[in-house]
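**Student:** Just so it is clear, I am handing over protein13.tsv, which has TSV, N, CA and C atoms.
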```tsv
chain	number	residue	atom	x	y	z
T	148	MET	N	60.01	-29.60	6.58
T	148	MET	CA	59.70	-28.54	5.64
T	148	MET	C	59.90	-28.99	4.19
T	149	TYR	N	60.96	-29.75	3.95
T	149	TYR	CA	61.26	-30.18	2.58
T	149	TYR	C	60.92	-31.64	2.33
T	150	GLY	N	60.20	-32.22	3.25
T	150	GLY	CA	59.84	-33.62	3.08
T	150	GLY	C	58.79	-34.03	4.08
T	151	ASP	N	57.55	-33.82	3.74
T	151	ASP	CA	56.48	-34.21	4.64
T	151	ASP	C	56.38	-35.74	4.67
T	152	PRO	N	55.81	-36.30	5.71
T	152	PRO	CA	55.75	-37.76	5.83
T	152	PRO	C	55.08	-38.46	4.64
T	153	ALA	N	54.05	-37.86	4.06
T	153	ALA	CA	53.39	-38.50	2.92
T	153	ALA	C	54.31	-38.57	1.70
T	154	THR	N	55.08	-37.52	1.47
T	154	THR	CA	56.02	-37.51	0.34
T	154	THR	C	57.14	-38.51	0.56
T	155	ILE	N	57.66	-38.56	1.77
T	155	ILE	CA	58.72	-39.52	2.10
T	155	ILE	C	58.21	-40.94	1.89
T	156	ARG	N	57.03	-41.24	2.38
T	156	ARG	CA	56.44	-42.57	2.24
T	156	ARG	C	56.24	-42.90	0.75
T	157	LYS	N	55.75	-41.94	-0.02
T	157	LYS	CA	55.52	-42.17	-1.45
T	157	LYS	C	56.81	-42.55	-2.16
T	158	ILE	N	57.89	-41.81	-1.90
T	158	ILE	CA	59.17	-42.11	-2.56
T	158	ILE	C	59.68	-43.48	-2.14
T	159	LEU	N	59.59	-43.78	-0.86
T	159	LEU	CA	60.17	-45.02	-0.36
T	159	LEU	C	59.33	-46.27	-0.66
T	160	THR	N	58.03	-46.09	-0.91
T	160	THR	CA	57.19	-47.28	-1.07
T	160	THR	C	56.45	-47.38	-2.39
T	161	GLU	N	56.32	-46.28	-3.14
T	161	GLU	CA	55.47	-46.32	-4.33
T	161	GLU	C	56.18	-46.03	-5.65
T	162	LEU	N	57.27	-45.30	-5.64
T	162	LEU	CA	57.81	-44.79	-6.90
T	162	LEU	C	58.83	-45.68	-7.59
T	163	GLY	N	59.09	-46.85	-7.06
T	163	GLY	CA	60.02	-47.75	-7.72
T	163	GLY	C	61.23	-48.04	-6.87
T	164	ASP	N	61.92	-49.10	-7.24
T	164	ASP	CA	63.00	-49.60	-6.41
T	164	ASP	C	64.39	-49.43	-6.99
T	165	THR	N	64.53	-48.70	-8.10
T	165	THR	CA	65.86	-48.48	-8.66
T	165	THR	C	66.31	-47.07	-8.31
T	166	TRP	N	67.32	-46.99	-7.48
T	166	TRP	CA	67.84	-45.72	-6.98
T	166	TRP	C	69.24	-45.47	-7.52
T	167	ALA	N	69.42	-44.37	-8.22
T	167	ALA	CA	70.76	-43.92	-8.60
T	167	ALA	C	71.28	-43.09	-7.44
T	168	VAL	N	72.43	-43.44	-6.92
T	168	VAL	CA	73.01	-42.73	-5.78
T	168	VAL	C	74.21	-41.94	-6.29
T	169	VAL	N	74.00	-40.64	-6.45
T	169	VAL	CA	75.03	-39.77	-7.01
T	169	VAL	C	76.03	-39.41	-5.90
T	170	GLY	N	77.30	-39.78	-6.14
T	170	GLY	CA	78.34	-39.57	-5.15
T	170	GLY	C	78.75	-40.85	-4.46
T	171	LEU	N	78.17	-41.98	-4.85
T	171	LEU	CA	78.48	-43.27	-4.23
T	171	LEU	C	79.74	-43.88	-4.83
T	172	SER	N	80.69	-44.16	-3.94
T	172	SER	CA	81.93	-44.83	-4.34
T	172	SER	C	82.23	-45.92	-3.31
T	173	ASN	N	83.37	-46.55	-3.43
T	173	ASN	CA	83.77	-47.59	-2.47
T	173	ASN	C	84.42	-47.03	-1.21
T	174	ASN	N	84.35	-45.74	-1.01
T	174	ASN	CA	84.90	-45.14	0.20
T	174	ASN	C	83.94	-45.42	1.36
T	175	ARG	N	84.32	-46.38	2.19
T	175	ARG	CA	83.47	-46.81	3.30
T	175	ARG	C	83.27	-45.73	4.36
T	176	ASP	N	84.10	-44.70	4.34
T	176	ASP	CA	83.98	-43.62	5.32
T	176	ASP	C	82.95	-42.58	4.93
T	177	ARG	N	82.44	-42.63	3.71
T	177	ARG	CA	81.46	-41.66	3.25
T	177	ARG	C	80.04	-42.14	3.58
T	178	ALA	N	79.18	-41.21	3.90
T	178	ALA	CA	77.81	-41.55	4.26
T	178	ALA	C	77.10	-42.32	3.15
T	179	ALA	N	77.37	-41.98	1.90
T	179	ALA	CA	76.69	-42.63	0.78
T	179	ALA	C	76.87	-44.14	0.81
T	180	TYR	N	78.03	-44.60	1.23
T	180	TYR	CA	78.31	-46.03	1.25
T	180	TYR	C	77.35	-46.76	2.20
T	181	GLY	N	77.21	-46.25	3.40
T	181	GLY	CA	76.33	-46.88	4.39
T	181	GLY	C	74.86	-46.73	4.04
T	182	VAL	N	74.47	-45.57	3.54
T	182	VAL	CA	73.07	-45.35	3.16
T	182	VAL	C	72.69	-46.30	2.03
T	183	ALA	N	73.57	-46.47	1.05
T	183	ALA	CA	73.29	-47.38	-0.06
T	183	ALA	C	73.10	-48.80	0.45
T	184	ARG	N	73.88	-49.21	1.40
T	184	ARG	CA	73.76	-50.56	1.98
T	184	ARG	C	72.39	-50.71	2.64
T	185	VAL	N	71.95	-49.71	3.39
T	185	VAL	CA	70.63	-49.77	4.04
T	185	VAL	C	69.54	-49.86	2.98
T	186	LEU	N	69.63	-49.05	1.94
T	186	LEU	CA	68.63	-49.11	0.87
T	186	LEU	C	68.55	-50.50	0.27
T	187	GLN	N	69.71	-51.12	0.05
T	187	GLN	CA	69.72	-52.49	-0.48
T	187	GLN	C	69.05	-53.46	0.49
T	188	GLN	N	69.29	-53.28	1.77
T	188	GLN	CA	68.69	-54.17	2.76
T	188	GLN	C	67.16	-54.08	2.75
T	189	TYR	N	66.64	-52.95	2.28
T	189	TYR	CA	65.20	-52.77	2.18
T	189	TYR	C	64.68	-53.02	0.76
T	190	GLY	N	65.48	-53.71	-0.05
T	190	GLY	CA	65.01	-54.16	-1.35
T	190	GLY	C	65.22	-53.21	-2.51
T	191	LYS	N	65.95	-52.13	-2.29
T	191	LYS	CA	66.19	-51.18	-3.38
T	191	LYS	C	67.41	-51.61	-4.19
T	192	ARG	N	67.35	-51.42	-5.49
T	192	ARG	CA	68.52	-51.59	-6.34
T	192	ARG	C	69.26	-50.26	-6.32
T	193	VAL	N	70.51	-50.29	-5.94
T	193	VAL	CA	71.31	-49.08	-5.80
T	193	VAL	C	72.32	-49.02	-6.94
T	194	VAL	N	72.26	-47.94	-7.72
T	194	VAL	CA	73.14	-47.77	-8.87
T	194	VAL	C	74.12	-46.63	-8.56
T	195	PRO	N	75.41	-46.94	-8.42
T	195	PRO	CA	76.39	-45.90	-8.11
T	195	PRO	C	76.60	-44.95	-9.29
T	196	VAL	N	76.64	-43.65	-8.98
T	196	VAL	CA	76.97	-42.63	-9.98
T	196	VAL	C	78.10	-41.81	-9.40
T	197	HIS	N	79.25	-41.91	-10.04
T	197	HIS	CA	80.47	-41.27	-9.53
T	197	HIS	C	81.47	-41.19	-10.68
T	198	PRO	N	82.31	-40.17	-10.71
T	198	PRO	CA	83.29	-40.07	-11.80
T	198	PRO	C	84.15	-41.32	-11.99
T	199	LYS	N	84.40	-42.08	-10.91
T	199	LYS	CA	85.20	-43.29	-11.01
T	199	LYS	C	84.42	-44.48	-11.56
T	200	ALA	N	83.09	-44.40	-11.58
T	200	ALA	CA	82.22	-45.48	-12.08
T	200	ALA	C	82.57	-46.82	-11.45
T	201	GLU	N	82.82	-46.83	-10.16
T	201	GLU	CA	83.17	-48.05	-9.45
T	201	GLU	C	81.95	-48.95	-9.24
T	202	THR	N	82.20	-50.25	-9.20
T	202	THR	CA	81.18	-51.19	-8.77
T	202	THR	C	81.13	-51.12	-7.25
T	203	VAL	N	79.93	-50.88	-6.71
T	203	VAL	CA	79.77	-50.74	-5.26
T	203	VAL	C	78.61	-51.63	-4.83
T	204	HIS	N	78.79	-52.36	-3.76
T	204	HIS	CA	77.76	-53.26	-3.24
T	204	HIS	C	77.22	-54.18	-4.34
T	205	GLY	N	78.11	-54.59	-5.25
T	205	GLY	CA	77.74	-55.52	-6.30
T	205	GLY	C	77.05	-54.91	-7.51
T	206	GLU	N	76.89	-53.59	-7.53
T	206	GLU	CA	76.22	-52.92	-8.66
T	206	GLU	C	77.23	-52.12	-9.47
T	207	GLN	N	77.15	-52.27	-10.79
T	207	GLN	CA	78.00	-51.51	-11.72
T	207	GLN	C	77.78	-50.02	-11.52
T	208	GLY	N	78.86	-49.26	-11.50
T	208	GLY	CA	78.77	-47.81	-11.41
T	208	GLY	C	78.79	-47.15	-12.77
T	209	TYR	N	78.32	-45.91	-12.81
T	209	TYR	CA	78.28	-45.12	-14.04
T	209	TYR	C	78.81	-43.73	-13.73
T	210	THR	N	79.35	-43.07	-14.75
T	210	THR	CA	79.95	-41.75	-14.56
T	210	THR	C	78.92	-40.64	-14.45
T	211	SER	N	77.71	-40.89	-14.93
T	211	SER	CA	76.67	-39.86	-14.89
T	211	SER	C	75.30	-40.53	-14.95
T	212	LEU	N	74.27	-39.77	-14.66
T	212	LEU	CA	72.91	-40.29	-14.80
T	212	LEU	C	72.61	-40.64	-16.25
T	213	GLU	N	73.10	-39.82	-17.16
T	213	GLU	CA	72.86	-40.05	-18.58
T	213	GLU	C	73.49	-41.35	-19.08
T	214	ALA	N	74.54	-41.81	-18.42
T	214	ALA	CA	75.24	-43.02	-18.84
T	214	ALA	C	74.53	-44.30	-18.42
T	215	ILE	N	73.56	-44.22	-17.52
T	215	ILE	CA	72.85	-45.41	-17.06
T	215	ILE	C	71.92	-45.88	-18.17
T	216	PRO	N	72.06	-47.14	-18.61
T	216	PRO	CA	71.31	-47.60	-19.78
T	216	PRO	C	69.90	-48.12	-19.48
T	217	PHE	N	69.38	-47.83	-18.30
T	217	PHE	CA	68.04	-48.25	-17.93
T	217	PHE	C	67.43	-47.14	-17.08
T	218	LYS	N	66.14	-47.24	-16.85
T	218	LYS	CA	65.43	-46.20	-16.10
T	218	LYS	C	65.75	-46.30	-14.61
T	219	VAL	N	65.97	-45.15	-14.02
T	219	VAL	CA	66.08	-45.08	-12.57
T	219	VAL	C	64.82	-44.38	-12.05
T	220	ASP	N	64.36	-44.82	-10.90
T	220	ASP	CA	63.14	-44.27	-10.33
T	220	ASP	C	63.41	-43.07	-9.44
T	221	VAL	N	64.45	-43.19	-8.62
T	221	VAL	CA	64.79	-42.14	-7.65
T	221	VAL	C	66.27	-41.80	-7.80
T	222	VAL	N	66.59	-40.52	-7.73
T	222	VAL	CA	67.98	-40.07	-7.73
T	222	VAL	C	68.27	-39.52	-6.35
T	223	ASP	N	69.18	-40.19	-5.64
T	223	ASP	CA	69.58	-39.83	-4.28
T	223	ASP	C	70.90	-39.07	-4.40
T	224	VAL	N	70.93	-37.84	-3.88
T	224	VAL	CA	72.03	-36.92	-4.18
T	224	VAL	C	72.92	-36.70	-2.96
T	225	PHE	N	74.18	-37.14	-3.08
T	225	PHE	CA	75.21	-36.98	-2.06
T	225	PHE	C	76.32	-36.06	-2.55
T	226	VAL	N	75.97	-34.96	-3.18
T	226	VAL	CA	76.97	-33.96	-3.57
T	226	VAL	C	76.66	-32.69	-2.81
T	227	ASN	N	77.60	-31.75	-2.80
T	227	ASN	CA	77.34	-30.53	-2.03
T	227	ASN	C	76.24	-29.70	-2.69
T	228	SER	N	75.69	-28.83	-1.89
T	228	SER	CA	74.52	-28.05	-2.32
T	228	SER	C	74.76	-27.26	-3.60
T	229	GLU	N	75.98	-26.80	-3.83
T	229	GLU	CA	76.28	-26.01	-5.02
T	229	GLU	C	76.16	-26.84	-6.30
T	230	LEU	N	76.34	-28.14	-6.21
T	230	LEU	CA	76.27	-29.02	-7.37
T	230	LEU	C	74.94	-29.75	-7.48
T	231	ALA	N	74.16	-29.74	-6.42
T	231	ALA	CA	72.96	-30.56	-6.35
T	231	ALA	C	71.89	-30.14	-7.36
T	232	GLY	N	71.75	-28.85	-7.60
T	232	GLY	CA	70.72	-28.39	-8.53
T	232	GLY	C	70.91	-28.96	-9.92
T	233	ALA	N	72.15	-29.01	-10.38
T	233	ALA	CA	72.42	-29.58	-11.70
T	233	ALA	C	72.06	-31.06	-11.74
T	234	VAL	N	72.29	-31.77	-10.64
T	234	VAL	CA	71.94	-33.19	-10.58
T	234	VAL	C	70.42	-33.35	-10.63
T	235	ALA	N	69.70	-32.49	-9.93
T	235	ALA	CA	68.24	-32.54	-9.97
T	235	ALA	C	67.73	-32.31	-11.39
T	236	ASP	N	68.33	-31.37	-12.09
T	236	ASP	CA	67.95	-31.10	-13.48
T	236	ASP	C	68.21	-32.33	-14.36
T	237	GLN	N	69.34	-32.99	-14.13
T	237	GLN	CA	69.66	-34.20	-14.89
T	237	GLN	C	68.67	-35.32	-14.59
T	238	ALA	N	68.25	-35.40	-13.32
T	238	ALA	CA	67.27	-36.43	-12.94
T	238	ALA	C	65.98	-36.24	-13.71
T	239	ALA	N	65.55	-35.00	-13.83
T	239	ALA	CA	64.34	-34.71	-14.61
T	239	ALA	C	64.55	-35.08	-16.07
T	240	ALA	N	65.74	-34.77	-16.58
T	240	ALA	CA	66.03	-35.02	-18.00
T	240	ALA	C	66.05	-36.51	-18.34
T	241	VAL	N	66.44	-37.36	-17.39
T	241	VAL	CA	66.51	-38.80	-17.67
T	241	VAL	C	65.22	-39.52	-17.30
T	242	GLY	N	64.22	-38.80	-16.83
T	242	GLY	CA	62.93	-39.41	-16.57
T	242	GLY	C	62.74	-40.04	-15.21
T	243	ALA	N	63.54	-39.63	-14.24
T	243	ALA	CA	63.35	-40.15	-12.88
T	243	ALA	C	62.00	-39.68	-12.33
T	244	GLU	N	61.49	-40.41	-11.39
T	244	GLU	CA	60.22	-40.07	-10.75
T	244	GLU	C	60.41	-39.14	-9.55
T	245	ALA	N	61.59	-39.24	-8.92
T	245	ALA	CA	61.82	-38.48	-7.69
T	245	ALA	C	63.29	-38.15	-7.51
T	246	VAL	N	63.52	-37.12	-6.71
T	246	VAL	CA	64.87	-36.70	-6.33
T	246	VAL	C	64.89	-36.61	-4.82
T	247	TRP	N	65.99	-37.09	-4.24
T	247	TRP	CA	66.15	-37.05	-2.78
T	247	TRP	C	67.49	-36.39	-2.48
T	248	PHE	N	67.47	-35.20	-1.88
T	248	PHE	CA	68.69	-34.53	-1.43
T	248	PHE	C	68.96	-34.96	0.00
T	249	GLN	N	70.17	-35.42	0.25
T	249	GLN	CA	70.55	-35.92	1.56
T	249	GLN	C	70.62	-34.82	2.62
T	250	LEU	N	70.82	-35.24	3.86
T	250	LEU	CA	70.97	-34.30	4.97
T	250	LEU	C	72.03	-33.26	4.63
T	251	GLY	N	71.71	-32.01	4.83
T	251	GLY	CA	72.65	-30.93	4.58
T	251	GLY	C	72.72	-30.47	3.14
T	252	VAL	N	72.07	-31.16	2.23
T	252	VAL	CA	72.06	-30.76	0.83
T	252	VAL	C	70.78	-29.95	0.59
T	253	ILE	N	70.96	-28.65	0.40
T	253	ILE	CA	69.82	-27.75	0.29
T	253	ILE	C	70.02	-26.81	-0.89
T	254	ASP	N	69.02	-26.79	-1.76
T	254	ASP	CA	68.97	-25.85	-2.88
T	254	ASP	C	67.49	-25.59	-3.15
T	255	GLU	N	66.98	-24.52	-2.58
T	255	GLU	CA	65.54	-24.25	-2.66
T	255	GLU	C	65.08	-24.02	-4.10
T	256	ALA	N	65.91	-23.37	-4.91
T	256	ALA	CA	65.53	-23.16	-6.31
T	256	ALA	C	65.41	-24.50	-7.04
T	257	ALA	N	66.34	-25.42	-6.77
T	257	ALA	CA	66.27	-26.74	-7.39
T	257	ALA	C	65.06	-27.51	-6.89
T	258	PHE	N	64.73	-27.36	-5.62
T	258	PHE	CA	63.55	-28.00	-5.05
T	258	PHE	C	62.30	-27.56	-5.80
T	259	ASP	N	62.17	-26.24	-5.98
T	259	ASP	CA	61.00	-25.70	-6.69
T	259	ASP	C	60.99	-26.14	-8.15
T	260	ARG	N	62.14	-26.05	-8.81
T	260	ARG	CA	62.26	-26.41	-10.23
T	260	ARG	C	61.91	-27.88	-10.46
T	261	THR	N	62.40	-28.72	-9.58
T	261	THR	CA	62.19	-30.16	-9.72
T	261	THR	C	60.72	-30.52	-9.54
T	262	ARG	N	60.10	-29.91	-8.55
T	262	ARG	CA	58.66	-30.16	-8.32
T	262	ARG	C	57.82	-29.61	-9.47
T	263	GLU	N	58.21	-28.45	-9.99
T	263	GLU	CA	57.49	-27.88	-11.13
T	263	GLU	C	57.61	-28.78	-12.37
T	264	ALA	N	58.71	-29.52	-12.46
T	264	ALA	CA	58.92	-30.44	-13.58
T	264	ALA	C	58.12	-31.73	-13.40
T	265	GLY	N	57.43	-31.85	-12.26
T	265	GLY	CA	56.57	-33.01	-12.03
T	265	GLY	C	57.18	-34.13	-11.23
T	266	LEU	N	58.38	-33.93	-10.72
T	266	LEU	CA	59.02	-34.96	-9.91
T	266	LEU	C	58.67	-34.77	-8.44
T	267	THR	N	58.64	-35.84	-7.72
T	267	THR	CA	58.48	-35.79	-6.27
T	267	THR	C	59.86	-35.51	-5.70
T	268	MET	N	59.91	-34.70	-4.64
T	268	MET	CA	61.23	-34.34	-4.11
T	268	MET	C	61.22	-34.22	-2.60
T	269	VAL	N	62.32	-34.67	-2.00
T	269	VAL	CA	62.61	-34.51	-0.58
T	269	VAL	C	64.00	-33.90	-0.49
T	270	MET	N	64.17	-33.00	0.46
T	270	MET	CA	65.46	-32.33	0.61
T	270	MET	C	65.83	-32.28	2.09
T	271	ASP	N	67.12	-32.44	2.36
T	271	ASP	CA	67.68	-32.35	3.72
T	271	ASP	C	67.13	-33.46	4.62
T	272	ARG	N	67.01	-34.65	4.05
T	272	ARG	CA	66.57	-35.84	4.79
T	272	ARG	C	67.44	-37.02	4.38
T	273	CYS	N	67.37	-38.10	5.14
T	273	CYS	CA	68.15	-39.30	4.81
T	273	CYS	C	67.22	-40.50	4.73
T	274	PRO	N	67.20	-41.21	3.58
T	274	PRO	CA	66.31	-42.37	3.47
T	274	PRO	C	66.68	-43.50	4.43
T	275	ALA	N	67.94	-43.60	4.80
T	275	ALA	CA	68.35	-44.65	5.73
T	275	ALA	C	67.79	-44.41	7.13
T	276	ILE	N	67.47	-43.17	7.43
T	276	ILE	CA	66.81	-42.85	8.70
T	276	ILE	C	65.31	-43.04	8.56
T	277	GLU	N	64.77	-42.65	7.42
T	277	GLU	CA	63.32	-42.67	7.22
T	277	GLU	C	62.75	-44.05	6.95
T	278	ILE	N	63.45	-44.88	6.17
T	278	ILE	CA	62.87	-46.15	5.73
T	278	ILE	C	62.61	-47.13	6.88
T	279	PRO	N	63.47	-47.22	7.89
T	279	PRO	CA	63.13	-48.16	8.98
T	279	PRO	C	61.87	-47.75	9.74
T	280	ALA	N	61.55	-46.46	9.74
T	280	ALA	CA	60.38	-45.97	10.44
T	280	ALA	C	59.08	-46.38	9.77
T	281	LEU	N	59.16	-46.79	8.49
T	281	LEU	CA	57.96	-47.22	7.78
T	281	LEU	C	57.59	-48.60	8.22
```
Output the file's structure in the form of structure tokens.
**Tutor:**
Amino acid sequence: MYGDPATIRKILTELGDTWAVVGLSNNRDRAAYGVARVLQQYGKRVVPVHPKAETVHGEQGYTSLEAIPFKVDVVDVFVNSELAGAVADQAAAVGAEAVWFQLGVIDEAAFDRTREAGLTMVMDRCPAIEIPAL
């Protein structure tokens, strides 16, 4: 419903390879850590965005999307649904091409707002599940 196969394919293959992963830290027990590793294995540059700004998987971390000094193509969101809409708005503000809300992250108003702003969006899906299927 929130990510048809054509949209998923477009984000994973056409919109660029620099992914800001919001919520990514060095906590190996969190889903973001493993998903980021899979994205890297498929050639994506993964940029951690977390209050700690930790270096993860060899990439410098940043405290916010606004702090990243280069363009990101996709913003992958690993925060709870109540915070996700603000992240989607920030993604639009920094010029990202797409927003990806992870499994269980749902904000229909943010989904509509983000698409109306011209960004491609997928919600309640996981790129680490989708990308091997391509």
**Student:** Can you tell me, as a PyMOL selection string, which residues in chain T count as alpha helix (DSSP H) by DSSP?
**Tutor:** chain T and resi 152-160+178-188+228-240+255-263+274-277
**Student:** Please provide as an MDAnalysis selection string all residues within 7 Å of stretch 151-161 of chain T, with the sequence filter that same-chain residues fewer than 4 positions apart are discarded (counting only N, CA and C atoms).
**Tutor:** chainID T and resid 245 268:269 278
**Student:** Sort by chain and increasing residue number a table of all residues of stretch 208-273 of chain T within 6.5 Å of stretch 168-172 of chain T, each with its closest pair of atoms and their distance in Å to one decimal, counting only N, CA and C atoms, and write it as a tab-separated table.
**Tutor:**
```
residue	atom	partner	partner_atom	distance
T:Val221	C	T:Val168	N	6.4
T:Val222	CA	T:Val168	N	5.6
T:Asp223	C	T:Val169	N	4.0
T:Val224	CA	T:Val169	N	4.8
T:Phe225	N	T:Val169	C	4.1
T:Val226	N	T:Val169	C	5.2
```
**Student:** Quick one: distance from atom N of T:Leu281 to atom CA of T:Val193 in Å, one decimal?
**Tutor:**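 Going from atom N of T:Leu281 over to atom CA of T:Val193 covers 18.9 Å.
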**Student:** From a DSSP calculation on the backbone, collect every residue of chain T in strand (DSSP E) and output the set as a PDB file with N, CA and C atoms, in the frame of the given file.
**Tutor:**
```pdb
ATOM      1  N   THR T 165      64.530 -48.700  -8.100  1.00  0.00           N
ATOM      2  CA  THR T 165      65.860 -48.480  -8.660  1.00  0.00           C
ATOM      3  C   THR T 165      66.310 -47.070  -8.310  1.00  0.00           C
ATOM      4  N   TRP T 166      67.320 -46.990  -7.480  1.00  0.00           N
ATOM      5  CA  TRP T 166      67.840 -45.720  -6.980  1.00  0.00           C
ATOM      6  C   TRP T 166      69.240 -45.470  -7.520  1.00  0.00           C
ATOM      7  N   ALA T 167      69.420 -44.370  -8.220  1.00  0.00           N
ATOM      8  CA  ALA T 167      70.760 -43.920  -8.600  1.00  0.00           C
ATOM      9  C   ALA T 167      71.280 -43.090  -7.440  1.00  0.00           C
ATOM     10  N   VAL T 168      72.430 -43.440  -6.920  1.00  0.00           N
ATOM     11  CA  VAL T 168      73.010 -42.730  -5.780  1.00  0.00           C
ATOM     12  C   VAL T 168      74.210 -41.940  -6.290  1.00  0.00           C
ATOM     13  N   VAL T 169      74.000 -40.640  -6.450  1.00  0.00           N
ATOM     14  CA  VAL T 169      75.030 -39.770  -7.010  1.00  0.00           C
ATOM     15  C   VAL T 169      76.030 -39.410  -5.900  1.00  0.00           C
ATOM     16  N   ARG T 192      67.350 -51.420  -5.490  1.00  0.00           N
ATOM     17  CA  ARG T 192      68.520 -51.590  -6.340  1.00  0.00           C
ATOM     18  C   ARG T 192      69.260 -50.260  -6.320  1.00  0.00           C
ATOM     19  N   VAL T 193      70.510 -50.290  -5.940  1.00  0.00           N
ATOM     20  CA  VAL T 193      71.310 -49.080  -5.800  1.00  0.00           C
ATOM     21  C   VAL T 193      72.320 -49.020  -6.940  1.00  0.00           C
ATOM     22  N   VAL T 194      72.260 -47.940  -7.720  1.00  0.00           N
ATOM     23  CA  VAL T 194      73.140 -47.770  -8.870  1.00  0.00           C
ATOM     24  C   VAL T 194      74.120 -46.630  -8.560  1.00  0.00           C
ATOM     25  N   PRO T 195      75.410 -46.940  -8.420  1.00  0.00           N
ATOM     26  CA  PRO T 195      76.390 -45.900  -8.110  1.00  0.00           C
ATOM     27  C   PRO T 195      76.600 -44.950  -9.290  1.00  0.00           C
ATOM     28  N   VAL T 196      76.640 -43.650  -8.980  1.00  0.00           N
ATOM     29  CA  VAL T 196      76.970 -42.630  -9.980  1.00  0.00           C
ATOM     30  C   VAL T 196      78.100 -41.810  -9.400  1.00  0.00           C
ATOM     31  N   VAL T 221      64.450 -43.190  -8.620  1.00  0.00           N
ATOM     32  CA  VAL T 221      64.790 -42.140  -7.650  1.00  0.00           C
ATOM     33  C   VAL T 221      66.270 -41.800  -7.800  1.00  0.00           C
ATOM     34  N   VAL T 222      66.590 -40.520  -7.730  1.00  0.00           N
ATOM     35  CA  VAL T 222      67.980 -40.070  -7.730  1.00  0.00           C
ATOM     36  C   VAL T 222      68.270 -39.520  -6.350  1.00  0.00           C
ATOM     37  N   ASP T 223      69.180 -40.190  -5.640  1.00  0.00           N
ATOM     38  CA  ASP T 223      69.580 -39.830  -4.280  1.00  0.00           C
ATOM     39  C   ASP T 223      70.900 -39.070  -4.400  1.00  0.00           C
ATOM     40  N   VAL T 224      70.930 -37.840  -3.880  1.00  0.00           N
ATOM     41  CA  VAL T 224      72.030 -36.920  -4.180  1.00  0.00           C
ATOM     42  C   VAL T 224      72.920 -36.700  -2.960  1.00  0.00           C
ATOM     43  N   ALA T 245      61.590 -39.240  -8.920  1.00  0.00           N
ATOM     44  CA  ALA T 245      61.820 -38.480  -7.690  1.00  0.00           C
ATOM     45  C   ALA T 245      63.290 -38.150  -7.510  1.00  0.00           C
ATOM     46  N   VAL T 246      63.520 -37.120  -6.710  1.00  0.00           N
ATOM     47  CA  VAL T 246      64.870 -36.700  -6.330  1.00  0.00           C
ATOM     48  C   VAL T 246      64.890 -36.610  -4.820  1.00  0.00           C
ATOM     49  N   TRP T 247      65.990 -37.090  -4.240  1.00  0.00           N
ATOM     50  CA  TRP T 247      66.150 -37.050  -2.780  1.00  0.00           C
ATOM     51  C   TRP T 247      67.490 -36.390  -2.480  1.00  0.00           C
ATOM     52  N   PHE T 248      67.470 -35.200  -1.880  1.00  0.00           N
ATOM     53  CA  PHE T 248      68.690 -34.530  -1.430  1.00  0.00           C
ATOM     54  C   PHE T 248      68.960 -34.960   0.000  1.00  0.00           C
ATOM     55  N   THR T 267      58.640 -35.840  -7.720  1.00  0.00           N
ATOM     56  CA  THR T 267      58.480 -35.790  -6.270  1.00  0.00           C
ATOM     57  C   THR T 267      59.860 -35.510  -5.700  1.00  0.00           C
ATOM     58  N   MET T 268      59.910 -34.700  -4.640  1.00  0.00           N
ATOM     59  CA  MET T 268      61.230 -34.340  -4.110  1.00  0.00           C
ATOM     60  C   MET T 268      61.220 -34.220  -2.600  1.00  0.00           C
ATOM     61  N   VAL T 269      62.320 -34.670  -2.000  1.00  0.00           N
ATOM     62  CA  VAL T 269      62.610 -34.510  -0.580  1.00  0.00           C
ATOM     63  C   VAL T 269      64.000 -33.900  -0.490  1.00  0.00           C
TER      64      VAL T 269
END
```
**Student:** Calculate how many Å separate atom CA of T:Leu212 from atom CA of T:His197, rounding to one decimal.
**Tutor:**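 So the answer is 9.3 Å.
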**Student:** Can you work out which one of T:His204, T:Lys218, T:Lys199, T:Arg260 has the shortest atom-to-atom distance to T:Ala179, counting only C-alpha atoms?
**Tutor:**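 Under the stated criterion, the closest residue is T:His204.
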**Student:** What does the distance from atom CA of T:Phe217 to atom C of T:Ala264 come to in Å, to one decimal?
**Tutor:**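 Atom C of T:Ala264 lies at a distance of 19.8 Å from atom CA of T:Phe217.
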**Student:** Which one is closest to T:Asp236: T:Ala257, T:Ala183, T:Val252, T:Met270? Count all atoms listed in the file.
**Tutor:**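 The shortest atom-to-atom distance to T:Asp236 comes from T:Ala257.
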**Student:** Excluding T:Asp271 and its own-chain neighbours fewer than 2 positions away, which residues fall within 6.5 Å of it when counting all atoms listed in the file? Please give them as a ChimeraX atom specification.
**Tutor:** /T:149,247-253,269,273
**Student:** Keeping N, CA and C atoms, export the residues of the selection given above as a short mmCIF file (atom, residue, chain, number, x, y, z; two decimals), keeping the file's coordinate frame.
**Tutor:**
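Done, and the output landed in out18.cif:
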```cif
data_model
loop_
_atom_site.label_atom_id
_atom_site.label_comp_id
_atom_site.auth_asym_id
_atom_site.auth_seq_id
_atom_site.Cartn_x
_atom_site.Cartn_y
_atom_site.Cartn_z
N TYR T 149 60.96 -29.75 3.95
CA TYR T 149 61.26 -30.18 2.58
C TYR T 149 60.92 -31.64 2.33
N TRP T 247 65.99 -37.09 -4.24
CA TRP T 247 66.15 -37.05 -2.78
C TRP T 247 67.49 -36.39 -2.48
N PHE T 248 67.47 -35.20 -1.88
CA PHE T 248 68.69 -34.53 -1.43
C PHE T 248 68.96 -34.96 0.00
N GLN T 249 70.17 -35.42 0.25
CA GLN T 249 70.55 -35.92 1.56
C GLN T 249 70.62 -34.82 2.62
N LEU T 250 70.82 -35.24 3.86
CA LEU T 250 70.97 -34.30 4.97
C LEU T 250 72.03 -33.26 4.63
N GLY T 251 71.71 -32.01 4.83
CA GLY T 251 72.65 -30.93 4.58
C GLY T 251 72.72 -30.47 3.14
N VAL T 252 72.07 -31.16 2.23
CA VAL T 252 72.06 -30.76 0.83
C VAL T 252 70.78 -29.95 0.59
N ILE T 253 70.96 -28.65 0.40
CA ILE T 253 69.82 -27.75 0.29
C ILE T 253 70.02 -26.81 -0.89
N VAL T 269 62.32 -34.67 -2.00
CA VAL T 269 62.61 -34.51 -0.58
C VAL T 269 64.00 -33.90 -0.49
N CYS T 273 67.37 -38.10 5.14
CA CYS T 273 68.15 -39.30 4.81
C CYS T 273 67.22 -40.50 4.73
#
```
